[in-house]
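The file protein18.cif comes next; it holds mmCIF, C-alpha atoms.
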data_my_file
#
loop_
_atom_site.label_atom_id
_atom_site.label_comp_id
_atom_site.auth_asym_id
_atom_site.auth_seq_id
_atom_site.Cartn_x
_atom_site.Cartn_y
_atom_site.Cartn_z
CA MET H 22 -21.28 -16.22 -10.02
CA THR H 23 -20.22 -14.62 -6.73
CA LYS H 24 -17.01 -12.60 -6.92
CA PRO H 25 -14.28 -13.61 -4.44
CA LEU H 26 -14.25 -10.22 -2.66
CA ALA H 27 -17.98 -9.48 -2.83
CA SER H 28 -19.26 -7.36 0.09
CA ARG H 29 -15.72 -6.58 1.27
CA ILE H 30 -14.52 -3.03 1.97
CA ALA H 31 -11.02 -2.18 0.70
CA LEU H 32 -9.11 0.99 1.55
CA VAL H 33 -6.34 1.81 -0.94
CA THR H 34 -3.97 4.74 -0.45
CA GLY H 35 -2.18 6.44 -3.33
CA ALA H 36 -5.07 5.24 -5.50
CA SER H 37 -4.96 7.95 -8.16
CA ARG H 38 -2.11 6.44 -10.19
CA GLY H 39 0.44 3.66 -10.54
CA ILE H 40 0.25 0.55 -8.41
CA GLY H 41 -2.46 1.98 -6.16
CA TYR H 42 -4.68 2.80 -9.15
CA ALA H 43 -4.22 -0.64 -10.71
CA THR H 44 -4.74 -2.43 -7.40
CA ALA H 45 -7.94 -0.52 -6.69
CA ILE H 46 -9.33 -1.53 -10.09
CA ALA H 47 -8.28 -5.16 -9.63
CA LEU H 48 -9.87 -5.33 -6.16
CA ALA H 49 -13.06 -3.76 -7.53
CA LYS H 50 -13.21 -6.31 -10.33
CA ALA H 51 -12.95 -9.01 -7.67
CA GLY H 52 -16.04 -7.53 -6.01
CA ALA H 53 -14.69 -5.23 -3.28
CA HIS H 54 -16.06 -1.76 -2.64
CA ILE H 55 -13.08 0.57 -2.90
CA VAL H 56 -12.37 3.44 -0.51
CA ALA H 57 -9.88 5.29 -2.68
CA VAL H 58 -7.54 7.75 -0.98
CA ALA H 59 -5.26 10.18 -2.84
CA ARG H 60 -4.36 13.86 -2.94
CA THR H 61 -5.50 14.29 -6.55
CA GLN H 62 -9.23 14.73 -7.08
CA GLY H 63 -8.90 14.38 -10.87
CA GLY H 64 -7.04 11.10 -10.58
CA LEU H 65 -9.65 9.75 -8.18
CA GLU H 66 -12.43 10.68 -10.58
CA GLU H 67 -10.65 8.84 -13.41
CA LEU H 68 -10.34 5.81 -11.13
CA ASP H 69 -14.03 5.99 -10.29
CA ASP H 70 -14.90 6.01 -14.01
CA GLU H 71 -12.78 2.89 -14.61
CA ILE H 72 -14.23 1.07 -11.62
CA ARG H 73 -17.77 1.86 -12.73
CA LYS H 74 -17.00 0.53 -16.22
CA SER H 75 -16.16 -2.83 -14.66
CA GLY H 76 -19.37 -2.82 -12.66
CA GLY H 77 -17.69 -1.94 -9.39
CA SER H 78 -18.20 0.85 -6.86
CA ALA H 79 -15.96 3.27 -5.02
CA THR H 80 -15.95 5.98 -2.38
CA LEU H 81 -13.50 8.77 -3.22
CA VAL H 82 -11.50 10.37 -0.40
CA PRO H 83 -9.33 13.34 -1.44
CA LEU H 84 -6.85 13.44 1.43
CA ASN H 85 -3.23 14.31 2.01
CA LEU H 86 -1.96 11.50 4.23
CA THR H 87 0.17 13.92 6.22
CA ASP H 88 -3.19 15.10 7.65
CA SER H 89 -3.28 12.72 10.62
CA ASP H 90 -6.58 14.16 11.84
CA GLY H 91 -8.01 13.48 8.38
CA ILE H 92 -7.00 9.81 8.67
CA ALA H 93 -8.70 9.65 12.06
CA ARG H 94 -11.86 11.17 10.60
CA LEU H 95 -11.74 8.62 7.78
CA GLY H 96 -11.55 5.81 10.32
CA ALA H 97 -14.51 7.23 12.22
CA GLY H 98 -16.48 7.58 8.98
CA LEU H 99 -15.79 3.98 7.99
CA HIS H 100 -16.88 2.81 11.43
CA GLU H 101 -20.12 4.75 11.19
CA ARG H 102 -20.91 3.59 7.66
CA TYR H 103 -19.67 0.00 7.59
CA GLY H 104 -18.65 -0.95 11.13
CA LYS H 105 -15.58 -2.70 9.74
CA LEU H 106 -12.74 -2.67 7.20
CA ASP H 107 -11.73 -5.85 5.37
CA ILE H 108 -8.69 -4.76 3.35
CA LEU H 109 -6.03 -2.08 3.77
CA VAL H 110 -3.50 -1.51 0.98
CA GLY H 111 -0.88 0.99 2.15
CA ASN H 112 0.55 2.01 -1.20
CA ALA H 113 1.05 5.79 -1.02
CA GLY H 114 4.67 6.85 -0.89
CA VAL H 115 7.13 9.50 -2.02
CA LEU H 116 10.61 9.00 -3.40
CA GLY H 117 12.22 12.07 -1.88
CA PRO H 118 15.58 13.46 -2.97
CA SER H 119 18.24 11.53 -4.85
CA SER H 120 21.21 13.06 -3.11
CA PRO H 121 24.02 12.39 -0.62
CA LEU H 122 22.73 12.48 2.96
CA GLY H 123 24.93 15.42 3.85
CA HIS H 124 23.24 17.52 1.19
CA ILE H 125 19.66 16.86 2.33
CA GLU H 126 17.78 19.37 4.48
CA LEU H 127 16.12 18.11 7.67
CA LYS H 128 12.71 19.31 6.47
CA THR H 129 13.09 17.31 3.25
CA PHE H 130 13.97 14.19 5.26
CA ASN H 131 10.99 14.75 7.56
CA ASP H 132 8.66 15.19 4.57
CA VAL H 133 9.60 11.72 3.28
CA MET H 134 9.14 10.14 6.69
CA ALA H 135 5.78 11.88 7.14
CA VAL H 136 4.26 10.18 4.09
CA ASN H 137 6.10 6.85 4.05
CA VAL H 138 6.17 6.12 7.79
CA SER H 139 4.06 8.41 10.00
CA ALA H 140 1.02 8.28 7.72
CA ASN H 141 1.13 4.47 7.69
CA PHE H 142 1.50 4.44 11.47
CA GLN H 143 -1.61 6.58 11.76
CA LEU H 144 -3.42 4.27 9.34
CA ILE H 145 -2.48 1.31 11.53
CA ARG H 146 -3.72 3.12 14.65
CA CYS H 147 -7.02 4.15 13.11
CA MET H 148 -7.79 1.08 11.00
CA ASP H 149 -6.70 -1.68 13.39
CA PRO H 150 -10.02 -1.70 15.30
CA LEU H 151 -11.98 -1.79 12.03
CA LEU H 152 -9.87 -4.59 10.54
CA ARG H 153 -10.39 -6.61 13.72
CA GLN H 154 -14.15 -6.35 13.14
CA SER H 155 -13.74 -8.13 9.80
CA ASP H 156 -14.05 -11.91 9.60
CA ALA H 157 -10.75 -11.86 7.66
CA GLY H 158 -8.95 -8.51 7.88
CA ARG H 159 -6.04 -8.18 5.48
CA ALA H 160 -3.35 -5.46 5.23
CA VAL H 161 -0.66 -5.17 2.56
CA PHE H 162 2.01 -2.48 2.59
CA ILE H 163 4.07 -1.65 -0.50
CA THR H 164 7.77 -1.62 0.29
CA SER H 165 11.01 -1.49 -1.71
CA GLY H 166 14.28 -3.36 -2.09
CA ALA H 167 15.94 -0.10 -1.09
CA ALA H 168 14.96 -0.88 2.51
CA ASN H 169 17.46 -3.71 2.89
CA LYS H 170 19.96 -2.60 0.25
CA ALA H 171 20.39 0.80 1.95
CA THR H 172 20.68 2.27 -1.54
CA ALA H 173 23.20 5.10 -1.90
CA TYR H 174 21.72 8.56 -2.59
CA LEU H 175 18.25 7.34 -1.60
CA GLY H 176 18.85 7.46 2.15
CA PRO H 177 15.55 8.99 3.30
CA TYR H 178 13.49 6.70 1.04
CA ALA H 179 15.45 3.60 2.08
CA ALA H 180 15.21 4.50 5.77
CA SER H 181 11.47 5.15 5.48
CA LYS H 182 10.79 1.80 3.83
CA ALA H 183 12.90 -0.02 6.40
CA ALA H 184 10.87 1.67 9.14
CA LEU H 185 7.62 0.76 7.37
CA GLU H 186 8.68 -2.88 7.15
CA THR H 187 9.44 -2.97 10.87
CA LEU H 188 6.10 -1.37 11.75
CA ALA H 189 4.22 -3.90 9.62
CA ARG H 190 6.14 -6.84 11.07
CA ALA H 191 5.56 -5.67 14.64
CA TRP H 192 1.85 -5.26 13.92
CA ALA H 193 1.75 -8.74 12.39
CA GLN H 194 3.30 -10.21 15.55
CA GLU H 195 0.88 -8.32 17.78
CA THR H 196 -2.10 -9.67 15.83
CA ALA H 197 -0.83 -13.19 15.09
CA SER H 198 -3.51 -14.79 17.26
CA THR H 199 -6.33 -12.84 15.57
CA LYS H 200 -7.97 -13.19 12.17
CA LEU H 201 -5.96 -10.22 10.89
CA ARG H 202 -3.13 -10.92 8.42
CA ILE H 203 -0.48 -8.30 7.63
CA ASN H 204 2.16 -8.56 4.92
CA LEU H 205 4.60 -6.57 2.79
CA PHE H 206 4.86 -6.50 -0.99
CA ASN H 207 7.98 -5.48 -2.92
CA PRO H 208 7.12 -4.74 -6.57
CA GLY H 209 10.68 -3.97 -7.70
CA PRO H 210 11.20 -1.85 -10.84
CA ILE H 211 7.75 -1.18 -12.34
CA ARG H 212 6.50 1.17 -15.06
CA THR H 213 5.44 4.01 -12.75
CA ARG H 214 6.00 7.75 -12.55
CA MET H 215 8.22 7.25 -9.50
CA ARG H 216 10.47 4.87 -11.42
CA ALA H 217 10.65 7.27 -14.37
CA THR H 218 11.71 10.06 -12.01
CA LEU H 219 14.44 7.90 -10.50
CA MET H 220 15.66 6.40 -13.79
CA PRO H 221 14.82 8.89 -16.56
CA GLY H 222 16.98 7.14 -19.17
CA GLU H 223 15.35 3.74 -18.69
CA ASP H 224 13.16 2.26 -21.41
CA PRO H 225 9.76 1.84 -19.69
CA SER H 226 8.75 -0.88 -22.14
CA THR H 227 11.29 -3.18 -20.45
CA LEU H 228 9.38 -3.00 -17.16
CA ASP H 229 6.24 -4.78 -15.99
CA THR H 230 3.12 -2.66 -15.58
CA PRO H 231 1.21 -1.79 -12.39
CA GLU H 232 -1.65 -3.92 -13.72
CA GLN H 233 0.59 -7.00 -13.76
CA VAL H 234 1.70 -6.30 -10.19
CA ALA H 235 -1.86 -5.80 -8.96
CA GLU H 236 -2.80 -9.34 -9.95
CA PHE H 237 -0.37 -10.60 -7.29
CA ILE H 238 -1.53 -8.17 -4.58
CA VAL H 239 -5.21 -9.15 -4.82
CA PRO H 240 -4.71 -12.74 -3.53
CA MET H 241 -2.94 -11.34 -0.45
CA CYS H 242 -6.15 -9.42 0.33
CA ALA H 243 -8.45 -12.43 0.12
CA PRO H 244 -10.02 -14.24 3.10
CA ASP H 245 -8.25 -17.48 2.20
CA TRP H 246 -4.79 -15.86 2.50
CA THR H 247 -3.31 -17.25 5.73
CA GLU H 248 0.28 -15.98 5.91
CA THR H 249 1.21 -13.02 8.11
CA GLY H 250 4.40 -11.07 8.74
CA LYS H 251 5.80 -12.13 5.37
CA PHE H 252 7.40 -10.33 2.42
CA TYR H 253 6.31 -11.03 -1.15
CA ASP H 254 9.01 -10.33 -3.73
CA TYR H 255 7.32 -9.74 -7.07
CA LYS H 256 10.45 -10.07 -9.21
CA SER H 257 11.20 -13.59 -7.98
CA ARG H 258 7.51 -14.44 -7.33
CA THR H 259 8.54 -15.61 -3.86
CA LEU H 260 6.91 -15.26 -0.46
CA MET H 261 9.73 -14.77 2.03
CA SER H 262 10.14 -14.88 5.80
CA PHE H 263 12.31 -12.33 7.57
CA ARG H 264 15.46 -13.68 9.18
CA SER H 265 17.83 -12.15 11.70
CA PRO H 266 21.29 -11.21 10.36
CA ALA H 267 23.79 -14.05 10.55
#
Structure re-expressed in structure tokens:
Amino acid sequence: MTKPLASRIALVTGASRGIGYATAIALAKAGAHIVAVARTQGGLEELDDEIRKSGGSATLVPLNLTDSDGIARLGAGLHERYGKLDILVGNAGVLGPSSPLGHIELKTFNDVMAVNVSANFQLIRCMDPLLRQSDAGRAVFITSGAANKATAYLGPYAASKAALETLARAWAQETASTKLRINLFNPGPIRTRMRATLMPGEDPSTLDTPEQVAEFIVPMCAPDWTETGKFYDYKSRTLMSFRSPA
């Protein structure tokens, strides 16, 4: 029986743990070849072991996403090897400080924006031509409710996710007449290291797992997914359209 994502190439950032790790495994089980990007070599090797156990395959790319030239080289390498990219999952992100804005150093703010916004912008720049070569290019970016709630004491993180959402929506509008489909996914509170850092007193057993979330991301990466410029809210299991403020 042919797997739904057989012969498709899927790039997943932040693939060494959490939602990125679970999504990479889920995409591999569906038949995709995974290009796994993360800073941590050990985490990537663990991912590779799990993917191989399920009969899948992966290419491991140890890369700090603040290395914009490294992202460009990755794009060139994918072009040379495959001539296309079918799926992009922009998952990598950092929480940054939990502090009043007036107490945050400019460098710390810039560090959050570098990973959560600038790296994704560079991914868009470098992967757009490859995704257009696919018969059904799909991109999903992981966002957060903090973007529209403007959560207190998480200013840099909230601002970065709001910027990411706007980038993704603009890209979706620019490519609306193509075969490329670009969407956002908000997982909400999930049993991840980031969540544990933010809410250390929370009982993790009360939260859904990254594996549960990944099962909802995979369909958004499939050729038969037709929506673009939308926002999937995992908590409510609802695909939403963006609306201008009243």
(request) Run the PyMOL selection byres ((chain H and resi 189) around 10) against the file shown and list the residues it catches, as a ChimeraX atom specification. (result) /H:141-142,145,160-162,184-188,190-195,203-205,249-251
Computed gap from atom CA of H:Met148 to atom CA of H:Thr23 is 26.7 Å
Shortest contact to H:Asn112, candidates H:His124, H:Lys256, H:Lys182, H:His54, atoms counted all atoms listed in the file, goes to H:Lys182
Contacts of stretch 223-234 of chain H within 12 Å, all atoms listed in the file, excl. fewer than 6 positions in-chain, as a PyMOL selection string: chain H and resi 36+38-48+112+163+206-217+240-241+253-256+258
Evaluate the PyMOL selection byres ((chain H and resi 61) around 9) on the structure here and hand back the selected residues as a JSON list (two decimals) with C-alpha atoms, in the coordinates of the input.
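Final output, result-v1.json:
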[["chain", "number", "residue", "atom", "x", "y", "z"],
["H", 37, "SER", "CA", -4.96, 7.95, -8.16],
["H", 58, "VAL", "CA", -7.54, 7.75, -0.98],
["H", 59, "ALA", "CA", -5.26, 10.18, -2.84],
["H", 60, "ARG", "CA", -4.36, 13.86, -2.94],
["H", 62, "GLN", "CA", -9.23, 14.73, -7.08],
["H", 63, "GLY", "CA", -8.90, 14.38, -10.87],
["H", 64, "GLY", "CA", -7.04, 11.10, -10.58],
["H", 65, "LEU", "CA", -9.65, 9.75, -8.18],
["H", 66, "GLU", "CA", -12.43, 10.68, -10.58],
["H", 83, "PRO", "CA", -9.33, 13.34, -1.44],
["H", 84, "LEU", "CA", -6.85, 13.44, 1.43],
["H", 85, "ASN", "CA", -3.23, 14.31, 2.01]]
Quiz prompt | Expansion of the PyMOL selection byres ((chain H and resi 168-176) around 7) into residues, as a ChimeraX atom specification | solution = /H:118-122,165-167,177-180,182-183
How about saving the chosen residues, C-alpha atoms kept, as a tab-separated table (two decimals), keeping the file's coordinate frame?
chain	number	residue	atom	x	y	z
H	118	PRO	CA	15.58	13.46	-2.97
H	119	SER	CA	18.24	11.53	-4.85
H	120	SER	CA	21.21	13.06	-3.11
H	121	PRO	CA	24.02	12.39	-0.62
H	122	LEU	CA	22.73	12.48	2.96
H	165	SER	CA	11.01	-1.49	-1.71
H	166	GLY	CA	14.28	-3.36	-2.09
H	167	ALA	CA	15.94	-0.10	-1.09
H	177	PRO	CA	15.55	8.99	3.30
H	178	TYR	CA	13.49	6.70	1.04
H	179	ALA	CA	15.45	3.60	2.08
H	180	ALA	CA	15.21	4.50	5.77
H	182	LYS	CA	10.79	1.80	3.83
H	183	ALA	CA	12.90	-0.02	6.40
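Atom CA of H:Asp70 sits 23.0 Å away from atom CA of H:Leu86.
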Compile the contact shell of stretch 87-97 of chain H as JSON, numbers by chain: residues with an atom at most 8 Å away, counting only C-alpha atoms, same-chain residues fewer than 3 positions apart removed. {"H": [84, 100, 101, 135, 136, 139, 140, 143, 144, 147, 148, 151]}
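Between H:Val110 and the candidates H:Phe237, H:Arg264, H:Ala31, H:Thr196, the tightest atom-to-atom separation, counting only C-alpha atoms, involves H:Ala31.
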Expressed in Å, the length from atom CA of H:Ile238 to atom CA of H:Leu81 is 20.8 Å
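Shortest separation to H:Gly76 among H:Gln154, H:Gly98, H:Lys24, H:Lys105 occurs at residue H:Lys24, atoms counted being all atoms listed in the file.
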Which residues, written as a compact mmCIF listing (two decimals) with C-alpha atoms, in the coordinates of the input, have at least one atom at most 8 Å from H:Lys200, with all atoms listed in the file counted and residues fewer than 6 positions away on the same chain left out?
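Listing of selection_12.txt after writing:
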# COMPACT_ATOMS: atom_id res chain seq x y z
CA ARG H 153 -10.39 -6.61 13.72
CA ASP H 156 -14.05 -11.91 9.60
CA ALA H 157 -10.75 -11.86 7.66
CA GLY H 158 -8.95 -8.51 7.88
With distances taken over all atoms listed in the file, the candidate from H:Leu99, H:Ala79, H:Arg202, H:Ser181 nearest H:Gly117 is H:Ser181
